[in-house]
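Source file: entry07.txt; contents: compact mmCIF, C-alpha atoms.
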```
# COMPACT_ATOMS: atom_id res chain seq x y z
CA MET R 159 125.08 -26.93 -132.67
CA THR R 160 128.26 -26.64 -130.63
CA ALA R 161 129.96 -23.34 -129.87
CA PHE R 162 132.82 -24.47 -132.12
CA ALA R 163 130.53 -24.84 -135.13
CA ILE R 164 128.70 -21.59 -134.34
CA LEU R 165 131.91 -19.58 -134.31
CA LEU R 166 133.22 -21.36 -137.42
CA LEU R 167 130.04 -20.55 -139.33
CA ARG R 168 130.00 -16.93 -138.17
CA ASP R 169 133.58 -16.34 -139.29
CA MET R 170 132.94 -17.98 -142.65
CA ARG R 171 129.79 -15.91 -143.12
CA LEU R 172 131.71 -12.74 -142.22
CA ALA R 173 134.45 -13.61 -144.71
CA VAL R 174 131.93 -14.17 -147.48
CA ARG R 175 129.82 -11.07 -146.66
CA GLN R 176 132.74 -8.71 -146.39
CA GLY R 177 134.01 -9.94 -149.70
CA GLY R 178 137.70 -9.39 -149.90
CA GLY R 179 139.13 -12.41 -148.10
CA ALA R 180 138.96 -15.31 -150.50
CA LEU R 181 138.85 -13.41 -153.77
CA ILE R 182 141.62 -10.94 -152.92
CA GLY R 183 143.87 -13.80 -151.83
CA VAL R 184 143.29 -15.69 -155.07
CA LEU R 185 143.83 -12.55 -157.15
CA PHE R 186 147.06 -11.81 -155.34
CA PHE R 187 148.18 -15.41 -155.87
CA LEU R 188 147.32 -15.05 -159.56
CA ILE R 189 149.30 -11.83 -159.91
CA VAL R 190 152.40 -13.13 -158.12
CA VAL R 191 152.47 -16.28 -160.21
CA THR R 192 151.75 -14.42 -163.44
CA LEU R 193 154.60 -11.99 -162.84
CA MET R 194 157.16 -14.78 -162.55
CA PRO R 195 157.28 -15.76 -166.24
CA PHE R 196 157.76 -12.09 -167.10
CA ALA R 197 160.66 -11.82 -164.70
CA ILE R 198 162.31 -15.07 -165.66
CA GLY R 199 161.73 -15.01 -169.40
CA PRO R 200 160.13 -17.41 -171.82
CA ASP R 201 162.23 -20.44 -170.93
CA LEU R 202 159.54 -23.12 -170.74
CA ALA R 203 161.83 -25.84 -169.39
CA LEU R 204 163.03 -23.57 -166.59
CA LEU R 205 159.48 -22.49 -165.77
CA ALA R 206 158.32 -26.08 -165.51
CA ARG R 207 161.25 -26.91 -163.26
CA ILE R 208 160.74 -24.06 -160.80
CA GLY R 209 156.94 -23.96 -161.21
CA PRO R 210 156.14 -25.75 -157.95
CA ALA R 211 158.40 -23.41 -155.99
CA ILE R 212 156.72 -20.38 -157.56
CA LEU R 213 153.26 -21.72 -156.77
CA TRP R 214 154.27 -22.42 -153.20
CA LEU R 215 155.81 -18.98 -152.70
CA GLY R 216 152.71 -17.37 -154.18
CA ALA R 217 150.44 -19.32 -151.86
CA LEU R 218 152.63 -18.49 -148.88
CA LEU R 219 152.48 -14.76 -149.57
CA ALA R 220 148.77 -14.84 -150.39
CA SER R 221 147.95 -16.67 -147.17
CA LEU R 222 149.66 -13.89 -145.21
CA LEU R 223 147.35 -11.24 -146.62
CA ALA R 224 144.30 -11.58 -144.45
CA LEU R 225 146.10 -12.86 -141.37
CA ASP R 226 146.34 -9.52 -139.58
CA ARG R 227 142.54 -9.27 -139.44
CA LEU R 228 142.12 -12.80 -138.09
CA ILE R 229 142.10 -11.76 -134.44
CA ALA R 230 142.56 -7.99 -134.64
CA ALA R 231 139.01 -7.47 -135.95
CA ASP R 232 137.53 -9.25 -132.94
CA TYR R 233 139.88 -7.42 -130.61
CA GLU R 234 138.92 -3.99 -131.92
CA ASP R 235 135.16 -4.40 -131.73
CA GLY R 236 135.17 -6.05 -128.31
CA SER R 237 134.13 -9.51 -129.52
CA LEU R 238 137.37 -10.96 -128.19
CA ASP R 239 136.39 -9.91 -124.65
CA LEU R 240 133.19 -11.93 -124.92
CA ILE R 241 135.01 -14.88 -126.48
CA LEU R 242 137.43 -14.82 -123.55
CA MET R 243 134.52 -14.79 -121.11
CA ALA R 244 132.62 -17.60 -122.79
CA ARG R 245 132.53 -21.14 -121.51
CA THR R 246 134.18 -22.44 -124.66
CA PRO R 247 137.94 -22.79 -124.11
CA LEU R 248 139.90 -20.07 -125.86
CA GLU R 249 142.05 -22.67 -127.65
CA LEU R 250 138.97 -24.26 -129.21
CA ALA R 251 137.57 -20.88 -130.23
CA LEU R 252 140.87 -19.98 -131.91
CA LEU R 253 140.96 -23.35 -133.68
CA ALA R 254 137.49 -22.61 -135.05
CA LYS R 255 138.61 -19.17 -136.23
CA ALA R 256 141.72 -20.62 -137.89
CA LEU R 257 139.69 -23.31 -139.65
CA ALA R 258 137.19 -20.75 -140.91
CA HIS R 259 140.10 -18.63 -142.11
CA TRP R 260 141.67 -21.53 -143.98
CA LEU R 261 138.37 -22.56 -145.57
CA THR R 262 137.81 -19.03 -146.87
CA THR R 263 141.36 -18.06 -147.86
CA GLY R 264 143.55 -21.20 -148.05
CA LEU R 265 141.20 -23.57 -149.82
CA PRO R 266 140.47 -21.14 -152.68
CA LEU R 267 144.23 -20.99 -153.34
CA VAL R 268 144.32 -24.77 -153.68
CA LEU R 269 141.35 -24.65 -156.05
CA ALA R 270 143.03 -21.96 -158.16
CA THR R 271 146.25 -23.95 -158.55
CA PRO R 272 145.23 -26.00 -161.64
CA LEU R 273 144.58 -22.77 -163.54
CA LEU R 274 147.91 -21.28 -162.52
CA GLY R 275 149.75 -24.49 -163.38
CA LEU R 276 148.90 -23.76 -167.02
CA LEU R 277 150.69 -20.42 -166.85
CA LEU R 278 153.86 -22.13 -165.63
CA ASN R 279 153.86 -24.88 -168.24
CA LEU R 280 153.23 -27.60 -165.64
CA ASP R 281 151.74 -30.83 -166.96
CA PRO R 282 148.52 -32.06 -165.32
CA ARG R 283 150.38 -34.61 -163.18
CA ALA R 284 152.72 -31.96 -161.77
CA THR R 285 149.83 -29.56 -161.19
CA GLY R 286 147.97 -32.27 -159.33
CA ALA R 287 151.01 -32.92 -157.15
CA VAL R 288 151.41 -29.22 -156.30
CA ALA R 289 147.69 -28.87 -155.55
CA LEU R 290 147.85 -31.89 -153.26
CA THR R 291 150.85 -30.53 -151.35
CA LEU R 292 149.15 -27.14 -151.04
CA LEU R 293 146.02 -28.85 -149.72
CA ALA R 294 148.10 -30.63 -147.11
CA GLY R 295 150.43 -27.72 -146.33
CA THR R 296 148.43 -24.48 -146.37
CA PRO R 297 146.57 -25.32 -143.12
CA ALA R 298 149.97 -25.29 -141.41
CA LEU R 299 150.53 -21.75 -142.72
CA THR R 300 147.19 -20.67 -141.21
CA PHE R 301 147.86 -22.28 -137.83
CA ILE R 302 151.35 -20.78 -137.60
CA GLY R 303 149.85 -17.47 -138.69
CA LEU R 304 147.22 -17.77 -135.96
CA ALA R 305 149.94 -17.65 -133.30
CA GLY R 306 151.52 -14.67 -135.06
CA ALA R 307 148.17 -12.89 -135.29
CA ALA R 308 147.52 -13.42 -131.58
CA LEU R 309 150.95 -12.15 -130.69
CA THR R 310 150.58 -8.96 -132.73
CA VAL R 311 147.20 -8.32 -131.08
CA ALA R 312 148.66 -8.94 -127.63
CA LEU R 313 151.56 -6.59 -128.42
CA ARG R 314 149.19 -4.07 -130.01
CA ARG R 315 151.28 -3.92 -133.17
CA GLY R 316 149.87 -4.78 -136.51
CA GLY R 317 150.71 -4.79 -140.13
CA LEU R 318 154.08 -6.01 -141.25
CA LEU R 319 155.22 -7.37 -137.90
CA ILE R 320 153.05 -10.40 -138.49
CA ALA R 321 154.84 -11.21 -141.74
CA VAL R 322 158.23 -10.84 -140.09
CA LEU R 323 157.14 -13.13 -137.27
CA VAL R 324 155.39 -15.75 -139.33
CA LEU R 325 157.47 -16.16 -142.48
CA PRO R 326 160.60 -17.62 -140.82
CA LEU R 327 158.45 -20.22 -139.06
CA THR R 328 156.95 -21.34 -142.35
CA VAL R 329 160.31 -22.35 -143.82
CA PRO R 330 159.95 -26.07 -142.98
CA VAL R 331 156.51 -26.15 -144.57
CA LEU R 332 157.88 -24.50 -147.70
CA ILE R 333 160.84 -26.88 -147.90
CA PHE R 334 158.82 -30.06 -147.62
CA GLY R 335 155.95 -28.74 -149.72
CA VAL R 336 158.26 -27.97 -152.64
CA ALA R 337 160.30 -31.14 -152.04
CA ALA R 338 157.19 -33.29 -152.25
CA SER R 339 156.01 -31.53 -155.41
CA ASN R 340 159.41 -31.93 -157.08
CA ALA R 341 159.62 -35.54 -156.02
CA ALA R 342 156.34 -36.21 -157.77
CA ILE R 343 157.45 -34.44 -160.94
CA VAL R 344 161.13 -35.17 -161.50
CA GLY R 345 162.09 -37.67 -158.82
CA PRO R 346 164.31 -39.39 -157.93
CA LEU R 347 163.13 -39.27 -154.32
CA PRO R 348 159.82 -40.92 -153.50
CA PHE R 349 156.82 -38.58 -153.11
CA GLY R 350 155.72 -40.20 -149.88
CA THR R 351 158.56 -39.19 -147.56
CA PRO R 352 158.46 -35.38 -147.85
CA PHE R 353 154.65 -35.46 -148.18
CA THR R 354 154.30 -37.38 -144.93
CA ILE R 355 156.55 -34.88 -143.17
CA LEU R 356 154.43 -32.05 -144.63
CA VAL R 357 151.27 -33.64 -143.24
CA ALA R 358 153.00 -34.10 -139.90
CA LEU R 359 153.96 -30.41 -139.87
CA THR R 360 150.33 -29.46 -140.49
CA LEU R 361 149.03 -31.71 -137.72
CA MET R 362 151.67 -30.45 -135.34
CA SER R 363 150.90 -26.80 -136.05
CA ALA R 364 147.16 -27.51 -135.70
CA VAL R 365 147.87 -28.52 -132.10
CA ILE R 366 150.56 -25.98 -131.24
CA GLY R 367 149.07 -22.98 -133.07
CA PRO R 368 145.85 -22.56 -131.06
CA PHE R 369 147.62 -23.18 -127.75
CA ALA R 370 150.40 -20.72 -128.57
CA ALA R 371 147.85 -18.14 -129.73
CA ALA R 372 145.72 -18.57 -126.61
CA ALA R 373 148.81 -18.26 -124.40
CA ALA R 374 149.83 -15.08 -126.24
CA LEU R 375 146.35 -13.56 -125.82
CA ARG R 376 146.12 -14.49 -122.14
CA HIS R 377 149.57 -13.12 -121.49
CA GLY R 378 148.67 -9.92 -123.29
CA LEU R 379 145.77 -9.29 -120.93
CA GLU R 380 146.67 -6.33 -118.88
CA MET I 134 121.08 -22.95 -106.01
CA ARG I 135 121.69 -20.83 -102.95
CA PRO I 136 121.87 -17.06 -103.32
CA ILE I 137 125.08 -15.77 -104.79
CA ARG I 138 127.45 -13.31 -103.22
CA LEU I 139 130.36 -11.54 -104.85
CA LEU I 140 133.28 -10.55 -102.65
CA GLY I 141 136.25 -8.47 -103.60
CA SER I 142 138.87 -7.93 -100.94
CA ASP I 143 141.85 -5.64 -101.19
CA LEU I 144 141.86 -5.71 -104.98
CA ALA I 145 144.66 -3.92 -106.76
CA CYS I 146 145.18 -3.12 -110.39
CA VAL I 147 148.37 -2.07 -112.13
CA ARG I 148 148.30 -1.05 -115.78
CA GLY I 149 151.30 0.00 -117.77
CA GLY I 150 153.41 0.14 -114.59
CA ARG I 151 151.04 2.59 -112.91
CA THR I 152 148.89 1.64 -109.94
CA VAL I 153 145.33 2.39 -110.99
CA PHE I 154 143.80 1.47 -107.64
CA ARG I 155 144.57 -0.66 -104.62
CA GLY I 156 142.83 -1.74 -101.47
CA VAL I 157 139.41 -1.89 -103.11
CA SER I 158 136.99 -4.12 -101.21
CA PHE I 159 133.29 -4.72 -101.71
CA THR I 160 130.58 -7.23 -100.95
CA VAL I 161 127.54 -7.61 -103.17
CA GLU I 162 124.68 -9.84 -102.09
CA ALA I 163 122.17 -11.39 -104.46
CA GLY I 164 119.68 -8.78 -105.60
CA GLN I 165 122.02 -5.89 -104.90
CA ALA I 166 123.62 -3.37 -107.20
CA VAL I 167 126.85 -1.47 -106.77
CA LEU I 168 127.49 1.76 -108.58
CA VAL I 169 131.19 2.29 -109.12
CA SER I 170 131.92 5.99 -109.31
CA GLY I 171 134.95 8.21 -109.37
CA PRO I 172 136.74 10.68 -111.58
CA ASN I 173 138.13 9.79 -115.01
CA GLY I 174 141.09 7.49 -114.69
CA ALA I 175 140.14 6.25 -111.23
CA GLY I 176 139.87 2.71 -112.56
CA LYS I 177 136.11 2.15 -112.88
CA SER I 178 136.43 0.31 -116.19
CA SER I 179 139.53 -1.50 -114.97
CA LEU I 180 137.64 -2.78 -111.92
CA LEU I 181 134.85 -4.17 -114.11
CA ARG I 182 137.32 -5.78 -116.51
CA LEU I 183 139.16 -7.23 -113.54
CA VAL I 184 135.96 -8.80 -112.19
CA ALA I 185 135.22 -10.10 -115.69
CA GLY I 186 138.60 -11.79 -115.77
CA LEU I 187 139.77 -9.70 -118.70
CA ILE I 188 142.70 -8.22 -116.79
CA ARG I 189 144.69 -9.78 -114.02
CA ALA I 190 144.48 -8.45 -110.49
CA ALA I 191 147.81 -7.26 -109.14
CA GLY I 192 146.67 -8.18 -105.65
CA GLY I 193 143.68 -9.14 -103.55
CA ARG I 194 141.04 -11.80 -103.96
CA LEU I 195 137.80 -12.02 -105.87
CA THR I 196 135.39 -14.73 -104.79
CA LEU I 197 131.93 -15.72 -105.83
CA GLU I 198 129.93 -17.70 -103.31
CA GLY I 199 126.97 -19.79 -104.32
CA GLY I 200 127.53 -19.72 -108.05
CA GLU I 201 128.67 -22.61 -110.17
CA ALA I 202 131.64 -23.89 -108.25
CA ASP I 203 134.03 -24.70 -111.09
CA ALA I 204 133.38 -21.78 -113.39
CA PRO I 205 135.39 -18.56 -113.03
CA VAL I 206 133.44 -15.38 -112.29
CA GLY I 207 133.82 -14.18 -115.88
CA GLU I 208 131.91 -17.17 -117.25
CA GLN I 209 128.95 -16.33 -115.04
CA ALA I 210 128.99 -12.64 -115.89
CA HIS I 211 127.87 -10.39 -118.70
CA TYR I 212 130.22 -7.59 -119.64
CA LEU I 213 128.79 -4.54 -121.35
CA GLY I 214 131.82 -2.50 -122.28
CA HIS I 215 132.47 0.53 -124.43
CA GLN I 216 132.72 -1.65 -127.51
CA ASP I 217 129.56 -3.30 -128.72
CA ALA I 218 130.99 -6.57 -130.11
CA LEU I 219 128.83 -6.21 -133.22
CA LYS I 220 129.79 -7.13 -136.77
CA PRO I 221 128.62 -4.47 -139.24
CA SER I 222 128.05 -6.97 -142.05
CA LEU I 223 125.76 -9.23 -140.02
CA THR I 224 122.15 -8.24 -139.48
CA VAL I 225 120.83 -7.15 -136.11
CA GLY I 226 119.16 -10.53 -135.65
CA GLU I 227 122.24 -12.49 -136.73
CA ASN I 228 124.50 -10.58 -134.36
CA LEU I 229 122.25 -11.30 -131.40
CA ALA I 230 121.60 -14.91 -132.44
CA PHE I 231 125.34 -15.54 -132.66
CA TRP I 232 126.10 -14.27 -129.16
CA GLY I 233 122.99 -15.92 -127.79
CA ARG I 234 124.06 -19.30 -129.06
CA TYR I 235 127.77 -18.85 -128.45
CA LEU I 236 127.49 -17.63 -124.87
CA GLY I 237 124.71 -19.90 -123.76
CA SER I 238 121.56 -21.50 -124.93
CA GLY I 239 119.86 -18.19 -125.50
CA THR I 240 117.49 -18.83 -128.37
CA ALA I 241 114.77 -16.28 -127.76
CA THR I 242 116.31 -13.74 -130.12
CA ALA I 243 112.99 -12.26 -131.19
CA THR I 244 111.83 -11.75 -127.62
CA ALA I 245 115.10 -10.09 -126.62
CA LEU I 246 114.99 -7.78 -129.64
CA ALA I 247 111.42 -6.83 -128.85
CA ALA I 248 112.45 -6.09 -125.27
CA VAL I 249 114.85 -3.38 -126.43
CA GLY I 250 112.62 -2.13 -129.24
CA LEU I 251 114.72 -3.33 -132.16
CA ASP I 252 112.40 -6.05 -133.48
CA ALA I 253 111.32 -3.93 -136.43
CA ILE I 254 114.86 -3.72 -137.83
CA ALA I 255 116.01 -7.28 -137.14
CA ASP I 256 117.02 -7.73 -140.78
CA LEU I 257 119.04 -4.54 -141.07
CA PRO I 258 122.84 -4.94 -141.18
CA ALA I 259 124.26 -3.74 -137.87
CA GLY I 260 126.57 -1.36 -139.73
CA TYR I 261 123.63 0.98 -140.30
CA LEU I 262 122.72 1.31 -136.63
CA SER I 263 123.14 4.51 -134.64
CA ALA I 264 125.25 4.52 -131.47
CA GLY I 265 122.15 4.25 -129.31
CA GLN I 266 120.73 1.39 -131.35
CA ARG I 267 124.04 -0.46 -131.11
CA ARG I 268 123.88 -0.02 -127.36
CA ARG I 269 120.33 -1.35 -127.30
CA LEU I 270 121.44 -4.40 -129.26
CA SER I 271 124.20 -5.04 -126.72
CA ILE I 272 121.66 -4.81 -123.95
CA ALA I 273 119.51 -7.35 -125.80
CA ARG I 274 122.41 -9.78 -125.31
CA LEU I 275 122.01 -9.49 -121.53
CA VAL I 276 118.33 -10.25 -121.93
CA ALA I 277 118.83 -13.21 -124.28
CA VAL I 278 121.41 -15.09 -122.21
CA PRO I 279 120.73 -15.41 -118.48
CA ARG I 280 123.84 -14.84 -116.39
CA ALA I 281 123.99 -14.03 -112.70
CA ILE I 282 126.34 -11.05 -112.72
CA TRP I 283 126.02 -7.99 -114.92
CA LEU I 284 129.10 -5.80 -115.33
CA LEU I 285 127.96 -2.59 -116.99
CA ASP I 286 130.42 0.08 -118.07
CA GLU I 287 128.60 3.39 -118.56
CA PRO I 288 125.43 1.51 -119.52
CA THR I 289 123.37 4.60 -120.23
CA SER I 290 125.79 6.26 -122.64
CA ALA I 291 124.17 7.07 -126.01
CA LEU I 292 120.78 5.86 -124.79
CA ASP I 293 117.66 8.02 -125.11
CA ALA I 294 115.13 8.39 -122.28
CA ALA I 295 112.98 5.49 -123.50
CA ALA I 296 115.96 3.15 -123.76
CA GLN I 297 117.20 4.21 -120.32
CA ALA I 298 113.79 3.33 -118.93
CA ILE I 299 113.94 -0.07 -120.64
CA LEU I 300 117.43 -0.66 -119.23
CA ALA I 301 116.41 0.38 -115.71
CA ASP I 302 113.39 -1.92 -115.94
CA ARG I 303 115.59 -4.84 -117.04
CA MET I 304 118.09 -4.15 -114.29
CA ARG I 305 115.36 -4.13 -111.65
CA GLY I 306 114.07 -7.41 -113.07
CA HIS I 307 117.55 -8.89 -112.93
CA LEU I 308 118.01 -7.83 -109.30
CA ALA I 309 114.57 -9.13 -108.35
CA GLY I 310 115.61 -12.49 -109.79
CA GLY I 311 118.58 -12.66 -107.42
CA GLY I 312 121.18 -11.27 -109.78
CA ILE I 313 124.05 -8.90 -109.12
CA ILE I 314 124.90 -5.68 -110.94
CA LEU I 315 128.19 -3.80 -110.91
CA ALA I 316 127.89 -0.61 -112.91
CA ALA I 317 130.49 2.05 -113.58
CA THR I 318 128.72 5.34 -113.98
CA HIS I 319 128.96 9.08 -113.64
CA GLY I 320 125.30 9.69 -113.01
CA PRO I 321 122.14 8.00 -111.83
CA ILE I 322 121.09 5.01 -113.91
CA GLY I 323 117.65 4.55 -112.43
CA LEU I 324 118.38 2.11 -109.64
CA ASP I 325 117.20 2.97 -106.13
CA GLY I 326 118.96 1.66 -103.09
CA ALA I 327 122.18 0.77 -104.85
CA GLN I 328 125.35 1.00 -102.79
CA GLU I 329 128.08 3.24 -104.06
CA LEU I 330 131.71 2.26 -104.38
CA ARG I 331 133.78 5.35 -104.81
CA LEU I 332 137.20 4.91 -106.32
CA GLY I 333 139.50 7.67 -105.19
CA ALA I 334 141.89 9.47 -107.43
CA GLU I 335 144.94 8.70 -105.34
CA ARG I 336 148.05 9.44 -107.26
```
What does this structure look like when you write it as structure tokens?
Amino acid sequence: MTAFAILLLRDMRLAVRQGGGALIGVLFFLIVVTLMPFAIGPDLALLARIGPAILWLGALLASLLALDRLIAADYEDGSLDLILMARTPLELALLAKALAHWLTTGLPLVLATPLLGLLLNLDPRATGAVALTLLAGTPALTFIGLAGAALTVALRRGGLLIAVLVLPLTVPVLIFGVAASNAAIVGPLPFGTPFTILVALTLMSAVIGPFAAAAALRHGLE
Amino acid sequence: MRPIRLLGSDLACVRGGRTVFRGVSFTVEAGQAVLVSGPNGAGKSSLLRLVAGLIRAAGGRLTLEGGEADAPVGEQAHYLGHQDALKPSLTVGENLAFWGRYLGSGTATATALAAVGLDAIADLPAGYLSAGQRRRLSIARLVAVPRAIWLLDEPTSALDAAAQAILADRMRGHLAGGGIILAATHGPIGLDGAQELRLGAER
């Protein structure tokens, strides 16, 4: 087994053992989305129209939840020192950590979407479209968050700073995620164009995120 | 592979705008140990982290002769710091197996655990270990993955007499095999004939 797979499996095992992670994220997602109809009122047509945006916002906020532990936990217990000293390039190690994080916190959000679509009066086709865009787009949120998490560790600041750093950078992902969902539901634009851009954003952040995070961590060495 | 040799010349370290030390030079031949001593704040830990590549040197050169040519010193060294790099929710065996596989091809987890006397509690989550047991588990990592240079920061802290004897025995074995040890310490750690590198408290 390669070092990449070993680290990926360890982080996934940690996320499952410590509980929290996946389930808390999904519960938070559920609460945010459930609150919306109460705030907006029982206008079913309106709910169906803004449903995709609500689901995307919920997923965005939920994916921020566990981000501050992504690297900070390893930094605090000294594991990061050993990861830095290992033969495996830091970029690859961070990619493994980000993937493990997405599999344990992002993927459950995608799986919970069909249930939440019901609460927002979305028809199955619309729910499917939103779930598909979340599947394609949430990895980008994790990779962008990875760079933010590394930066907060390097700066030795935690907590809310990460949200302030990361949220503005996720705006393009949000725009094209919601645009693709709406295109699939109401048209008139084709679904393909915004969805392709969304996938491109994810692929781009998968490359830039680990390198930016590694650069931040190396620079923070003092 | 020819014998290794670790050379530090005129090393300097600046942290938070303050010069921790400068002009530190040492030569360690294969099979030798260096005890880094000095008062609190003299930069013992900083020197070890600098050799490990975890902090940048503000000046001077660090060279390793005879090791793997392309790999930086840190990749050929073990660092035993104040933190134990253990995950409380993984078992003792899982913690060691992870580092063994991640850092090298160390697969003899059971042997390494037996060497530090933790084989009986291999299935216990590491969160239940005492400070001394956590230290023992970290030392098991050095046993499981062979690396030429050991950087030990206060290696005997929290260890009882039996564990200190085990550690001293392992260190002698490592030196006999042509390894190098750099240890930051305030007291004797059971190595005879080690050179001492005293870091002054120049302010």
Which residues come within 8 Å of segment 189-193 of chain I, counting all atoms listed in the file, excluding same-chain residues fewer than 3 positions away, as number ranges by chain? R: 379-380; I: 141-147, 155-156, 183, 186
Would you mind listing what lies within 8 Å of segment 238-253 of chain I as a PyMOL selection string, with all atoms listed in the file counted and same-chain residues fewer than 6 positions away left out? chain I and resi 226+229-230+266+269-270+272-274+276-279+296+299
Chain R contacts to chain I at 10 Å (only C-alpha atoms) as an MDAnalysis selection string: chainID R and resid 159:165 167:168 171:176 231:246 376:380
Suppose you want the space between atom CA of Ser339 of chain R and atom CA of Lys255 of chain R; what is it in Å? 28.7 Å
Nearby residues (only C-alpha atoms) at most 10 Å from Leu219 of chain R, same-chain spacing under 3 positions excluded, as a PDB file with C-alpha atoms, in the coordinates of the input:
```pdb
ATOM      1  CA  GLY R 183     143.870 -13.800-151.830  1.00  0.00           C
ATOM      2  CA  PHE R 186     147.060 -11.810-155.340  1.00  0.00           C
ATOM      3  CA  PHE R 187     148.180 -15.410-155.870  1.00  0.00           C
ATOM      4  CA  VAL R 190     152.400 -13.130-158.120  1.00  0.00           C
ATOM      5  CA  TRP R 214     154.270 -22.420-153.200  1.00  0.00           C
ATOM      6  CA  LEU R 215     155.810 -18.980-152.700  1.00  0.00           C
ATOM      7  CA  GLY R 216     152.710 -17.370-154.180  1.00  0.00           C
ATOM      8  CA  LEU R 222     149.660 -13.890-145.210  1.00  0.00           C
ATOM      9  CA  LEU R 223     147.350 -11.240-146.620  1.00  0.00           C
ATOM     10  CA  LEU R 299     150.530 -21.750-142.720  1.00  0.00           C
ATOM     11  CA  ALA R 321     154.840 -11.210-141.740  1.00  0.00           C
ATOM     12  CA  LEU R 325     157.470 -16.160-142.480  1.00  0.00           C
TER      13      LEU R 325
END
```
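Atom to atom, atom CA of Val184 of chain I and atom CA of Ser290 of chain I stand 21.0 Å apart.
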Find the residues around Ala364 of chain R up to 9 Å (only C-alpha atoms counted), leave out those fewer than 5 positions away in its own chain, and share them as a PyMOL selection string. chain R and resi 253+297-298+300-302+359
Name all residues at most 12 Å from Ala294 of chain I (count all atoms listed in the file; drop same-chain ones fewer than 4 positions away) and give them as a short mmCIF file (atom, residue, chain, number, x, y, z; two decimals) with C-alpha atoms, keeping the file's coordinate frame.
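Saved as out-v9.cif:
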```cif
data_model
loop_
_atom_site.label_atom_id
_atom_site.label_comp_id
_atom_site.auth_asym_id
_atom_site.auth_seq_id
_atom_site.Cartn_x
_atom_site.Cartn_y
_atom_site.Cartn_z
CA GLY I 265 122.15 4.25 -129.31
CA THR I 289 123.37 4.60 -120.23
CA SER I 290 125.79 6.26 -122.64
CA ALA I 298 113.79 3.33 -118.93
CA ILE I 299 113.94 -0.07 -120.64
CA LEU I 300 117.43 -0.66 -119.23
CA ALA I 301 116.41 0.38 -115.71
CA ILE I 322 121.09 5.01 -113.91
CA GLY I 323 117.65 4.55 -112.43
#
```
Quick one: pull the distance between atom CA of Asp201 of chain R and atom CA of Gly335 of chain R, Å, one decimal.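 Between atom CA of Asp201 of chain R and atom CA of Gly335 of chain R the gap works out to 23.6 Å.
Residues with at least one atom no more than 7 Å from (129.3, -6.8, -113.8), using all atoms listed in the file, are Leu181, Ala210, His211, Tyr212, Ile282, Trp283, Leu284, Leu285, Ile314, Leu315 and Ala316 of chain I.
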Serialized selection, C-alpha atoms, as a PDB file, in the frame of the given file:
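The result, written out as part.pdb:
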```pdb
ATOM      1  CA  LEU I 181     134.850  -4.170-114.110  1.00  0.00           C
ATOM      2  CA  ALA I 210     128.990 -12.640-115.890  1.00  0.00           C
ATOM      3  CA  HIS I 211     127.870 -10.390-118.700  1.00  0.00           C
ATOM      4  CA  TYR I 212     130.220  -7.590-119.640  1.00  0.00           C
ATOM      5  CA  ILE I 282     126.340 -11.050-112.720  1.00  0.00           C
ATOM      6  CA  TRP I 283     126.020  -7.990-114.920  1.00  0.00           C
ATOM      7  CA  LEU I 284     129.100  -5.800-115.330  1.00  0.00           C
ATOM      8  CA  LEU I 285     127.960  -2.590-116.990  1.00  0.00           C
ATOM      9  CA  ILE I 314     124.900  -5.680-110.940  1.00  0.00           C
ATOM     10  CA  LEU I 315     128.190  -3.800-110.910  1.00  0.00           C
ATOM     11  CA  ALA I 316     127.890  -0.610-112.910  1.00  0.00           C
TER      12      ALA I 316
END
```
Kindly output segment 244-252 of chain I as a tab-separated table (two decimals), in the frame of the given file, after building N, CA and C atoms.
```tsv
chain	number	residue	atom	x	y	z
I	244	THR	N	112.32	-12.33	-128.86
I	244	THR	CA	111.83	-11.75	-127.62
I	244	THR	C	112.80	-10.69	-127.10
I	245	ALA	N	114.10	-11.03	-127.14
I	245	ALA	CA	115.10	-10.09	-126.62
I	245	ALA	C	115.14	-8.82	-127.46
I	246	LEU	N	115.00	-8.97	-128.78
I	246	LEU	CA	114.99	-7.78	-129.64
I	246	LEU	C	113.77	-6.93	-129.36
I	247	ALA	N	112.64	-7.58	-129.16
I	247	ALA	CA	111.42	-6.83	-128.85
I	247	ALA	C	111.58	-6.09	-127.53
I	248	ALA	N	112.29	-6.70	-126.59
I	248	ALA	CA	112.45	-6.09	-125.27
I	248	ALA	C	113.20	-4.77	-125.34
I	249	VAL	N	114.10	-4.63	-126.32
I	249	VAL	CA	114.85	-3.38	-126.43
I	249	VAL	C	114.35	-2.52	-127.59
I	250	GLY	N	113.23	-2.94	-128.19
I	250	GLY	CA	112.62	-2.13	-129.24
I	250	GLY	C	113.33	-2.14	-130.57
I	251	LEU	N	114.00	-3.25	-130.88
I	251	LEU	CA	114.72	-3.33	-132.16
I	251	LEU	C	114.10	-4.38	-133.09
I	252	ASP	N	112.95	-4.94	-132.70
I	252	ASP	CA	112.40	-6.05	-133.48
I	252	ASP	C	112.01	-5.65	-134.89
```
